[in-house]
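Text of entry04.tsv (TSV, C-alpha atoms) as supplied:
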```
chain	number	residue	atom	x	y	z
A	1	MET	CA	0.00	0.00	0.00
A	2	SER	CA	0.98	3.63	-0.32
A	3	ASP	CA	2.98	5.06	2.58
A	4	SER	CA	2.72	8.35	4.46
A	5	ASN	CA	4.28	10.16	1.51
A	6	GLY	CA	1.35	9.23	-0.72
A	7	PHE	CA	1.87	7.51	-4.04
A	8	ARG	CA	5.50	8.54	-4.66
A	9	ARG	CA	8.54	7.24	-2.84
A	10	LYS	CA	12.24	6.65	-3.36
A	11	PRO	CA	13.19	3.42	-5.18
A	12	TRP	CA	15.49	0.89	-3.60
A	13	CYS	CA	19.16	0.61	-4.53
A	14	VAL	CA	20.14	-2.79	-5.91
A	15	ASP	CA	23.68	-4.11	-5.78
A	16	GLY	CA	25.54	-5.64	-8.69
A	17	GLY	CA	25.99	-2.91	-11.24
A	18	ILE	CA	22.54	-2.75	-12.78
A	19	PRO	CA	22.66	0.41	-14.89
A	20	GLU	CA	20.92	3.54	-13.69
A	21	LEU	CA	17.99	4.95	-15.65
A	22	GLU	CA	18.97	6.75	-18.84
A	23	HIS	CA	20.72	9.81	-17.46
A	24	ARG	CA	20.89	11.85	-20.61
A	25	LYS	CA	17.16	12.62	-20.42
A	26	TYR	CA	17.39	14.20	-16.98
A	27	ALA	CA	19.27	17.03	-15.35
A	28	LYS	CA	20.69	14.83	-12.61
A	29	ALA	CA	23.21	12.44	-14.14
A	30	TYR	CA	23.52	10.06	-11.20
A	31	ARG	CA	21.91	9.09	-7.94
A	32	GLU	CA	23.38	9.37	-4.47
A	33	SER	CA	22.71	7.26	-1.40
A	34	GLU	CA	20.06	9.62	-0.04
A	35	ASP	CA	18.07	9.22	-3.27
A	36	TYR	CA	17.20	5.60	-2.38
A	37	ALA	CA	14.72	4.20	0.12
A	38	GLU	CA	16.85	1.18	1.09
A	39	GLY	CA	19.57	-1.12	-0.15
A	40	VAL	CA	18.89	-4.70	-1.19
A	41	HIS	CA	20.79	-7.54	-2.83
A	42	LEU	CA	19.65	-9.90	-5.56
A	43	TYR	CA	20.22	-13.59	-4.78
A	44	PHE	CA	19.62	-16.45	-7.23
A	45	GLY	CA	18.64	-20.04	-6.57
A	46	ASP	CA	16.44	-22.99	-7.52
A	47	VAL	CA	13.29	-23.22	-5.39
A	48	HIS	CA	12.20	-26.62	-6.71
A	49	LYS	CA	14.58	-29.58	-6.88
A	50	HIS	CA	14.04	-33.30	-6.33
A	51	SER	CA	16.68	-35.60	-4.89
A	52	SER	CA	16.99	-39.37	-4.91
A	53	LEU	CA	14.45	-39.42	-2.05
A	54	SER	CA	11.73	-38.79	-4.65
A	55	PRO	CA	10.89	-41.97	-6.59
A	56	CYS	CA	10.08	-39.96	-9.72
A	57	ALA	CA	13.63	-38.59	-9.68
A	58	LYS	CA	15.37	-41.95	-9.86
A	59	VAL	CA	14.84	-42.28	-13.62
A	60	ASN	CA	17.49	-39.64	-14.26
A	61	PRO	CA	21.17	-39.67	-13.28
A	62	TYR	CA	21.16	-35.94	-12.51
A	63	ASN	CA	18.96	-36.46	-9.47
A	64	GLY	CA	21.50	-37.40	-6.89
A	65	THR	CA	21.52	-37.54	-3.14
A	66	LEU	CA	20.66	-34.57	-0.97
A	67	ALA	CA	24.35	-33.80	-0.49
A	68	GLU	CA	25.09	-34.08	-4.21
A	69	CYS	CA	22.26	-31.69	-5.08
A	70	TYR	CA	23.49	-29.07	-2.60
A	71	CYS	CA	27.06	-29.46	-3.83
A	72	HIS	CA	26.05	-28.99	-7.48
A	73	ALA	CA	23.93	-25.92	-6.69
A	74	ARG	CA	26.71	-24.26	-4.75
A	75	THR	CA	29.90	-25.21	-6.57
A	76	VAL	CA	28.79	-25.88	-10.16
A	77	ALA	CA	25.71	-23.70	-10.70
A	78	GLY	CA	27.03	-20.99	-8.38
A	79	THR	CA	23.66	-20.24	-6.80
A	80	ASP	CA	22.96	-18.69	-3.43
A	81	PHE	CA	20.23	-21.05	-2.25
A	82	LEU	CA	18.49	-24.31	-3.08
A	83	ALA	CA	15.15	-25.72	-1.93
A	84	ILE	CA	14.90	-29.51	-2.27
A	85	CYS	CA	11.18	-30.31	-2.48
A	86	ASP	CA	10.90	-34.07	-2.29
A	87	HIS	CA	7.42	-35.61	-2.30
A	88	ALA	CA	5.95	-35.71	1.20
A	89	GLU	CA	3.63	-38.59	0.31
A	90	ARG	CA	6.61	-40.78	-0.64
A	91	MET	CA	8.84	-39.96	2.32
A	92	THR	CA	9.23	-41.58	5.72
A	93	GLU	CA	9.63	-39.62	8.93
A	94	GLY	CA	13.23	-40.79	9.03
A	95	GLN	CA	13.95	-39.46	5.55
A	96	TRP	CA	12.31	-36.15	6.44
A	97	SER	CA	14.46	-35.87	9.55
A	98	GLU	CA	17.55	-36.64	7.45
A	99	SER	CA	16.58	-34.01	4.89
A	100	MET	CA	16.04	-31.25	7.46
A	101	GLY	CA	19.19	-32.17	9.36
A	102	LEU	CA	21.37	-31.94	6.27
A	103	ALA	CA	19.73	-28.68	5.21
A	104	ARG	CA	20.61	-27.17	8.57
A	105	GLU	CA	24.20	-28.45	8.38
A	106	THR	CA	24.66	-27.22	4.81
A	107	THR	CA	23.42	-23.68	5.45
A	108	VAL	CA	26.12	-21.06	5.93
A	109	PRO	CA	24.52	-17.61	6.35
A	110	GLY	CA	26.03	-15.13	3.92
A	111	GLU	CA	27.33	-17.90	1.67
A	112	PHE	CA	24.66	-20.50	0.89
A	113	ILE	CA	21.17	-21.32	2.15
A	114	ALA	CA	19.68	-24.82	2.05
A	115	TRP	CA	16.02	-23.84	2.20
A	116	PRO	CA	13.82	-26.33	4.12
A	117	ALA	CA	10.93	-27.31	1.87
A	118	VAL	CA	8.70	-30.17	0.77
A	119	GLU	CA	6.21	-30.91	-2.02
A	120	TRP	CA	2.59	-31.49	-0.99
A	121	ALA	CA	0.21	-33.13	-3.48
A	122	THR	CA	-3.23	-34.66	-3.88
A	123	PRO	CA	-4.82	-36.21	-7.01
A	124	LEU	CA	-7.67	-33.68	-7.00
A	125	TYR	CA	-6.00	-30.40	-6.00
A	126	GLY	CA	-2.58	-30.80	-7.60
A	127	HIS	CA	0.85	-29.90	-6.31
A	128	ARG	CA	2.13	-27.15	-4.03
A	129	ASN	CA	5.54	-26.71	-2.45
A	130	ILE	CA	5.79	-25.67	1.19
A	131	TYR	CA	8.69	-23.41	2.24
A	132	PHE	CA	9.64	-23.10	5.89
A	133	ARG	CA	11.47	-20.43	7.90
A	134	ASP	CA	13.01	-23.00	10.26
A	135	TYR	CA	14.35	-26.56	10.17
A	136	ASP	CA	12.45	-27.98	13.16
A	137	VAL	CA	9.20	-28.51	11.29
A	138	PRO	CA	6.85	-31.48	10.80
A	139	LEU	CA	6.36	-33.42	7.58
A	140	ILE	CA	3.07	-32.30	5.98
A	141	SER	CA	1.56	-34.75	3.52
A	142	GLY	CA	-1.40	-34.65	1.15
A	143	ARG	CA	-2.40	-38.06	2.51
A	144	GLU	CA	-3.57	-36.49	5.77
A	145	ILE	CA	-4.09	-32.82	4.79
A	146	THR	CA	-6.23	-33.29	1.71
A	147	SER	CA	-7.04	-29.84	0.28
A	148	PRO	CA	-5.39	-26.40	0.00
A	149	PRO	CA	-7.75	-24.75	2.54
A	150	LYS	CA	-7.02	-27.57	5.00
A	151	LEU	CA	-3.31	-27.13	4.31
A	152	TRP	CA	-3.41	-23.41	5.15
A	153	GLU	CA	-5.59	-24.11	8.19
A	154	HIS	CA	-3.09	-26.75	9.36
A	155	ILE	CA	-0.15	-24.35	8.96
A	156	ARG	CA	-1.93	-21.74	11.06
A	157	ALA	CA	-3.06	-24.24	13.69
A	158	LEU	CA	0.54	-25.38	14.22
A	159	GLY	CA	1.81	-21.80	14.30
A	160	LEU	CA	4.32	-22.52	11.52
A	161	ASP	CA	6.18	-19.88	9.56
A	162	ALA	CA	5.48	-21.47	6.18
A	163	LEU	CA	4.49	-20.39	2.67
A	164	THR	CA	3.02	-22.40	-0.19
A	165	ILE	CA	3.61	-22.07	-3.95
A	166	PRO	CA	1.64	-24.00	-6.64
A	167	HIS	CA	3.23	-25.30	-9.83
A	168	HIS	CA	2.47	-26.76	-13.29
A	169	ALA	CA	-1.08	-25.48	-12.91
A	170	ALA	CA	-1.85	-25.48	-16.65
A	171	ARG	CA	-0.70	-29.05	-17.38
A	172	GLU	CA	-1.39	-32.53	-16.15
A	173	LEU	CA	-1.27	-32.86	-12.34
A	174	SER	CA	-2.59	-29.30	-12.34
A	175	ALA	CA	-2.83	-27.25	-9.18
A	176	ASP	CA	-6.25	-25.88	-8.28
A	177	MET	CA	-5.94	-22.14	-8.95
A	178	THR	CA	-9.55	-21.21	-8.19
A	179	ARG	CA	-8.49	-20.55	-4.62
A	180	THR	CA	-5.44	-19.21	-2.84
A	181	ASP	CA	-4.47	-17.58	0.44
A	182	ASP	CA	-3.28	-13.98	0.20
A	183	GLU	CA	-1.18	-14.35	3.36
A	184	LEU	CA	0.30	-17.84	3.00
A	185	GLU	CA	0.54	-18.22	-0.79
A	186	PRO	CA	2.53	-15.27	-2.13
A	187	ALA	CA	3.65	-16.65	-5.50
A	188	LEU	CA	3.21	-19.19	-8.27
A	189	GLU	CA	5.81	-21.03	-10.32
A	190	ILE	CA	5.68	-19.38	-13.76
A	191	PHE	CA	8.55	-21.37	-15.31
A	192	SER	CA	10.07	-24.81	-14.68
A	193	GLY	CA	11.15	-27.91	-16.54
A	194	TRP	CA	7.47	-28.18	-17.51
A	195	GLY	CA	7.79	-25.00	-19.56
A	196	ASN	CA	6.42	-21.46	-19.57
A	197	GLU	CA	3.05	-20.97	-17.87
A	198	GLU	CA	2.65	-17.22	-18.33
A	199	TYR	CA	-0.27	-17.51	-20.78
A	200	TYR	CA	-1.57	-20.02	-23.32
A	201	GLY	CA	0.65	-20.02	-26.41
A	202	ALA	CA	3.63	-18.39	-24.71
A	203	PRO	CA	7.19	-19.16	-25.90
A	204	LEU	CA	8.88	-22.29	-24.51
A	205	GLN	CA	5.56	-24.05	-24.02
A	206	ASP	CA	4.07	-27.35	-25.24
A	207	THR	CA	0.58	-26.08	-26.01
A	208	ASP	CA	-0.67	-29.57	-26.91
A	209	ARG	CA	-0.05	-30.60	-23.28
A	210	CYS	CA	-1.72	-27.54	-21.76
A	211	PHE	CA	-5.25	-26.30	-21.25
A	212	THR	CA	-6.56	-22.75	-20.94
A	213	ARG	CA	-7.86	-20.70	-17.99
A	214	ASN	CA	-5.20	-21.82	-15.49
A	215	PHE	CA	-2.08	-19.89	-16.51
A	216	ALA	CA	-0.38	-17.15	-14.51
A	217	VAL	CA	-2.24	-14.34	-16.29
A	218	ASP	CA	-5.57	-16.15	-15.82
A	219	THR	CA	-4.85	-16.49	-12.11
A	220	LEU	CA	-3.92	-12.83	-11.65
A	221	LEU	CA	-7.03	-11.74	-13.55
A	222	ARG	CA	-9.05	-13.42	-10.77
A	223	GLY	CA	-7.74	-10.69	-8.47
A	224	PHE	CA	-5.13	-12.75	-6.61
A	225	HIS	CA	-1.89	-11.13	-5.42
A	226	MET	CA	0.74	-13.68	-6.44
A	227	GLY	CA	4.31	-13.06	-7.51
A	228	PHE	CA	6.46	-15.21	-9.80
A	229	VAL	CA	9.18	-17.75	-9.08
A	230	GLY	CA	11.12	-20.12	-11.32
A	231	GLY	CA	12.17	-23.64	-10.41
A	232	GLY	CA	13.61	-26.62	-12.19
A	233	ASP	CA	11.16	-29.18	-10.79
A	234	GLY	CA	14.35	-31.11	-11.31
A	235	HIS	CA	13.42	-34.46	-12.79
A	236	PRO	CA	15.42	-34.19	-16.04
A	237	ALA	CA	18.07	-31.65	-15.03
A	238	PRO	CA	20.54	-30.74	-12.29
A	239	PRO	CA	19.80	-27.94	-9.82
A	240	ALA	CA	19.41	-24.42	-11.23
A	241	ASP	CA	19.43	-25.63	-14.83
A	242	SER	CA	15.88	-25.22	-16.14
A	243	GLY	CA	14.41	-22.45	-14.02
A	244	ILE	CA	15.63	-20.23	-11.19
A	245	THR	CA	14.35	-17.52	-8.88
A	246	GLY	CA	15.91	-14.19	-8.03
A	247	ILE	CA	15.04	-12.79	-4.59
A	248	TYR	CA	15.62	-9.20	-3.53
A	249	ALA	CA	16.56	-9.44	0.14
A	250	LYS	CA	18.57	-7.50	2.69
A	251	ASP	CA	21.05	-10.32	3.27
A	252	LEU	CA	21.64	-13.98	2.50
A	253	THR	CA	19.95	-15.57	5.50
A	254	LEU	CA	16.93	-17.84	5.68
A	255	PRO	CA	14.77	-15.29	7.56
A	256	SER	CA	15.55	-12.57	5.00
A	257	LEU	CA	14.84	-14.82	2.01
A	258	PHE	CA	11.62	-16.01	3.62
A	259	GLU	CA	10.35	-12.48	4.31
A	260	ALA	CA	11.28	-11.33	0.81
A	261	LEU	CA	9.34	-14.26	-0.67
A	262	ARG	CA	6.39	-13.44	1.58
A	263	ASN	CA	6.44	-9.89	0.16
A	264	ARG	CA	6.73	-11.13	-3.45
A	265	ARG	CA	10.14	-9.49	-3.99
A	266	THR	CA	10.99	-12.07	-6.63
A	267	ILE	CA	11.83	-12.54	-10.29
A	268	ALA	CA	11.77	-15.75	-12.33
A	269	THR	CA	14.04	-16.78	-15.18
A	270	THR	CA	14.45	-19.74	-17.50
A	271	GLY	CA	17.81	-20.55	-15.90
A	272	ALA	CA	20.04	-17.59	-16.79
A	273	LYS	CA	20.94	-15.08	-14.07
A	274	ILE	CA	19.21	-12.18	-15.74
A	275	ARG	CA	19.08	-9.24	-13.34
A	276	VAL	CA	15.86	-7.30	-13.88
A	277	ASP	CA	14.07	-4.84	-11.64
A	278	PHE	CA	11.31	-2.31	-12.03
A	279	HIS	CA	9.36	0.09	-9.88
A	280	ILE	CA	6.19	2.15	-10.15
A	281	ASN	CA	6.49	5.59	-8.58
A	282	GLY	CA	9.36	4.15	-6.54
A	283	PHE	CA	7.39	1.17	-5.17
A	284	PRO	CA	9.24	-2.14	-5.74
A	285	ILE	CA	8.05	-5.36	-7.28
A	286	GLY	CA	5.44	-7.16	-5.21
A	287	SER	CA	3.87	-3.95	-3.90
A	288	VAL	CA	0.11	-3.42	-3.65
A	289	ILE	CA	-0.93	0.22	-4.12
A	290	ARG	CA	-4.57	0.98	-3.27
A	291	PHE	CA	-6.24	4.09	-4.71
A	292	ASN	CA	-9.72	5.55	-4.93
A	293	GLN	CA	-11.64	8.14	-6.94
A	294	HIS	CA	-10.33	10.99	-4.76
A	295	ASP	CA	-6.60	10.40	-5.17
A	296	ILE	CA	-6.28	9.11	-8.72
A	297	ASN	CA	-4.64	12.33	-9.92
A	298	GLU	CA	-1.95	11.90	-7.26
A	299	LEU	CA	-1.19	8.38	-8.48
A	300	PHE	CA	-1.14	9.03	-12.22
A	301	PRO	CA	0.71	9.32	-14.47
A	302	LEU	CA	2.67	6.28	-13.38
A	303	GLU	CA	6.44	6.60	-13.50
A	304	ILE	CA	7.67	3.11	-14.40
A	305	GLY	CA	11.41	2.52	-14.13
A	306	VAL	CA	12.99	-0.59	-15.68
A	307	THR	CA	16.57	-1.85	-15.42
A	308	VAL	CA	17.97	-5.03	-16.98
A	309	GLN	CA	21.42	-6.61	-16.87
A	310	GLY	CA	21.26	-9.58	-19.21
A	311	THR	CA	23.55	-12.53	-19.76
A	312	ASP	CA	23.28	-12.19	-23.56
A	313	THR	CA	22.00	-9.62	-26.06
A	314	ILE	CA	18.63	-8.26	-24.98
A	315	GLU	CA	16.08	-8.58	-27.76
A	316	GLN	CA	12.97	-7.20	-26.09
A	317	VAL	CA	11.68	-5.80	-22.82
A	318	ASP	CA	7.90	-5.67	-22.37
A	319	ILE	CA	5.75	-3.90	-19.80
A	320	VAL	CA	2.64	-6.05	-19.31
A	321	GLU	CA	-0.59	-4.65	-17.86
A	322	ASN	CA	-3.46	-7.01	-16.99
A	323	GLY	CA	-1.99	-9.62	-19.31
A	324	ILE	CA	-1.56	-7.29	-22.32
A	325	THR	CA	1.77	-5.86	-23.51
A	326	VAL	CA	1.36	-2.08	-23.36
A	327	HIS	CA	4.97	-1.02	-24.00
A	328	THR	CA	7.93	-2.66	-25.74
A	329	LYS	CA	11.55	-1.56	-25.96
A	330	THR	CA	13.97	-3.31	-28.30
A	331	LYS	CA	17.03	-1.06	-28.63
A	332	PRO	CA	19.62	-0.90	-25.86
A	333	ARG	CA	21.42	2.47	-25.89
A	334	ALA	CA	24.88	1.27	-24.90
A	335	ARG	CA	25.88	-2.34	-24.24
A	336	LEU	CA	23.68	-4.93	-25.93
A	337	ASP	CA	23.20	-6.82	-22.66
A	338	GLN	CA	21.98	-3.78	-20.69
A	339	MET	CA	18.84	-1.70	-20.81
A	340	ALA	CA	17.43	0.99	-18.54
A	341	TYR	CA	14.64	3.47	-19.06
A	342	ARG	CA	11.61	5.26	-17.65
A	343	TRP	CA	8.12	5.16	-19.11
A	344	PHE	CA	5.21	7.30	-18.03
A	345	ARG	CA	1.84	5.57	-18.13
A	346	PRO	CA	-1.31	7.73	-18.09
A	347	SER	CA	-4.41	6.58	-16.24
A	348	GLY	CA	-5.78	4.96	-19.39
A	349	PRO	CA	-5.91	5.17	-23.20
A	350	THR	CA	-5.91	8.84	-24.25
A	351	ASP	CA	-6.39	9.04	-28.07
A	352	GLY	CA	-3.87	11.86	-27.89
A	353	VAL	CA	-6.05	14.16	-25.75
A	354	LYS	CA	-5.05	15.13	-22.22
A	355	ARG	CA	-7.95	14.90	-19.81
A	356	ILE	CA	-7.45	16.32	-16.35
A	357	GLY	CA	-9.42	14.88	-13.45
A	358	THR	CA	-10.59	11.68	-15.11
A	359	CYS	CA	-11.47	8.88	-12.69
A	360	ASN	CA	-10.11	5.62	-14.02
A	361	ASN	CA	-11.49	2.91	-11.74
A	362	VAL	CA	-9.60	0.01	-13.34
A	363	SER	CA	-7.54	-2.17	-11.02
A	364	ARG	CA	-4.47	-3.59	-12.66
A	365	PHE	CA	-1.33	-5.67	-12.25
A	366	ILE	CA	1.84	-4.66	-14.07
A	367	TYR	CA	5.02	-6.67	-14.58
A	368	VAL	CA	8.08	-6.76	-16.85
A	369	ARG	CA	9.06	-9.55	-19.25
A	370	VAL	CA	12.56	-9.86	-20.77
A	371	LYS	CA	13.62	-11.88	-23.84
A	372	GLN	CA	17.25	-12.49	-24.81
A	373	ARG	CA	18.69	-13.48	-28.18
A	374	ASP	CA	19.83	-16.83	-26.77
A	375	GLY	CA	16.20	-17.71	-25.93
A	376	HIS	CA	16.37	-17.12	-22.19
A	377	MET	CA	13.56	-15.14	-20.56
A	378	ALA	CA	12.83	-13.42	-17.25
A	379	TRP	CA	9.75	-12.07	-15.48
A	380	THR	CA	9.41	-9.75	-12.50
A	381	SER	CA	6.67	-10.25	-9.99
A	382	PRO	CA	3.86	-7.75	-10.59
A	383	ILE	CA	3.02	-4.52	-8.85
A	384	TRP	CA	-0.71	-4.17	-8.17
A	385	LEU	CA	-2.85	-1.05	-8.41
A	386	ASP	CA	-6.09	-1.86	-6.61
A	387	PHE	CA	-9.01	0.52	-6.96
A	388	TYR	CA	-11.59	0.84	-4.20
A	389	TYR	CA	-14.57	3.18	-4.02
A	390	ASP	CA	-14.54	5.58	-1.09
A	391	GLU	CA	-17.79	7.38	-0.30
```

Encoded form (structure tokens):
Amino acid sequence: MSDSNGFRRKPWCVDGGIPELEHRKYAKAYRESEDYAEGVHLYFGDVHKHSSLSPCAKVNPYNGTLAECYCHARTVAGTDFLAICDHAERMTEGQWSESMGLARETTVPGEFIAWPAVEWATPLYGHRNIYFRDYDVPLISGREITSPPKLWEHIRALGLDALTIPHHAARELSADMTRTDDELEPALEIFSGWGNEEYYGAPLQDTDRCFTRNFAVDTLLRGFHMGFVGGGDGHPAPPADSGITGIYAKDLTLPSLFEALRNRRTIATTGAKIRVDFHINGFPIGSVIRFNQHDINELFPLEIGVTVQGTDTIEQVDIVENGITVHTKTKPRARLDQMAYRWFRPSGPTDGVKRIGTCNNVSRFIYVRVKQRDGHMAWTSPIWLDFYYDE
């Protein structure tokens, strides 16, 4: 929501050399520390890996032991965190205890986080991963907790710090996306080894194995506040190979990653470490900005800032509003793997005529999509503008 300063605030400062907005258009050629609201870091990892504890993983040599998966993520893929989400319904209490114990032992704050997690599934309601903020947690199985509402009720009843994320919703074994929990389910898995689930017919998608009305855009159009993550769902690939998540957090610790995920401060990529960020009026990805008919002129026009540091030549950067691409930029100004710009979005279509005082009562979600020449893609979590009528 908007803060005490209204609908405009200072953006955050992200580490790692992401280029500043195009300076030549503005009098001030650079930003100083006081021009930012806070400093954050971008950490990359795979939030969905299966080890040899999952029977479905044993068909592929890449799916090794718990220790082998952590070793590959840290030393080969060079990621900051890994969540091994073995199937709860196929695990014993002893295996669960082994998994959590090794995750605790492997975690080195500031260097690498083994994120405690598990996959929950039922034949009717599909698959969701559960992410914990601690290692002393019970095994939660779809055999006993048989629906998403019962799952969220169970988490609350036990007083657990836990979040759930659904995946492969638009394919076989689909997750039920007609319901969610705005507090406990902050994101959905938009890309994995199953392909791209942004919308029907999207790139990197087997449309003959998908059905409509259950993609990410469909889900957001229902009014849900859900960010995006990427995971390998690692059956055919090693950790961090076929989908990864970037998390904007204050530091590399489990509590910081967990809180950032809760607040939807995430981006998803197809496996490349594409650094992409955007803000609306200074509010970061994952924000929910509520406005009414009295303050719409304070909110609009929207100042949308986009920065991208790619791993290959950037072919296209799209700003997507309510599922429709409303702005596209294709020409980097300097290096071919960098792009940064500002775009000002009016309250609605204008046909070239400026109208002062119009009351646009359309709620919307806005996110950024990046495409590289090598085929890799990235998505930011949305920022929501929620209209409410105030008498």

Using all atoms listed in the file, which of the listed residues (A:Ala77, A:Val368, A:Ile244, A:Ala117) sits closest to Ser192 in chain A?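 That would be A:Ile244, the residue with the smallest distance to Ser192 in chain A.
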
Rounded to one decimal place, report the CA of Arg345 in chain A-CA of Gly223 in chain A distance in Å.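 Answer for the CA of Arg345 in chain A to CA of Gly223 in chain A separation: 21.2 Å.
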
Can you report as JSON the centre and edge lengths in Å, to one decimal, of an axis-aligned box around the listed atoms of range 64-67 of chain A padded with 6 Å on each side?
```
{"center_x": 22.5, "center_y": -35.7, "center_z": -3.7, "size_x": 15.7, "size_y": 15.7, "size_z": 18.4}
```

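Residue nearest Gly201 in chain A, chosen from A:Gly305, A:Asp312, A:Phe215, A:Ala73 and counting only C-alpha atoms: A:Phe215.
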
Find the residues near Thr65 in chain A: any atom within 6 Å, counting all atoms listed in the file, skip ones fewer than 2 places away on the same chain, and give them as a PDB file with C-alpha atoms, in the coordinates of the input.
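Ended up saving to part.pdb:
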```pdb
ATOM      1  CA  SER A  51      16.680 -35.600  -4.890  1.00  0.00           C
ATOM      2  CA  SER A  52      16.990 -39.370  -4.910  1.00  0.00           C
ATOM      3  CA  ALA A  67      24.350 -33.800  -0.490  1.00  0.00           C
ATOM      4  CA  GLU A  68      25.090 -34.080  -4.210  1.00  0.00           C
TER       5      GLU A  68
END
```

Return the single residue from A:Arg333, A:His87, A:His127, A:His154 that is closest to Lys49 in chain A, with distances computed using only C-alpha atoms. A:His87

With all atoms listed in the file as the counted atoms, please give the residues lying no more than 9 Å from Ala162 in chain A, apart from itself and same-chain residues fewer than 6 positions off, as a ChimeraX atom specification. /A:130-134,155-156,184,258

Write out as a list in words each polymer residue whose atoms come within 6 Å of Tyr43 in chain A, counting all atoms listed in the file; drop sequence neighbours fewer than 6 positions from it. Asp80, Gly246 and Ile247 of chain A

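Straight-line separation from CA of Met100 in chain A to CA of Val229 in chain A: 22.4 Å.
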
Would you mind telling me which residue in A:Met339, A:Ala103, A:Ile296, A:Ala249 lies nearest to Leu66 in chain A when using all atoms listed in the file? A:Ala103

For Arg8 in chain A, the nearest of the candidates A:Phe211, A:Tyr389, A:Phe283, A:Phe191, counting all atoms listed in the file: A:Phe283

Quick one, how far is CA of Gly271 in chain A from CA of Gly243 in chain A?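 Straight-line distance from CA of Gly271 in chain A to CA of Gly243 in chain A works out to 4.3 Å.
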
Residues around (4.7, -42.2, 0.3), cut-off 10 Å, counting only C-alpha atoms - what are they as a PyMOL selection string? chain A and resi 54-55+87-92+141-143

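Distance annotation: of A:Ala260, A:Leu124, A:His48, A:Gly110, the residue with the minimal separation from Ile165 in chain A is A:His48; atom set is only C-alpha atoms.
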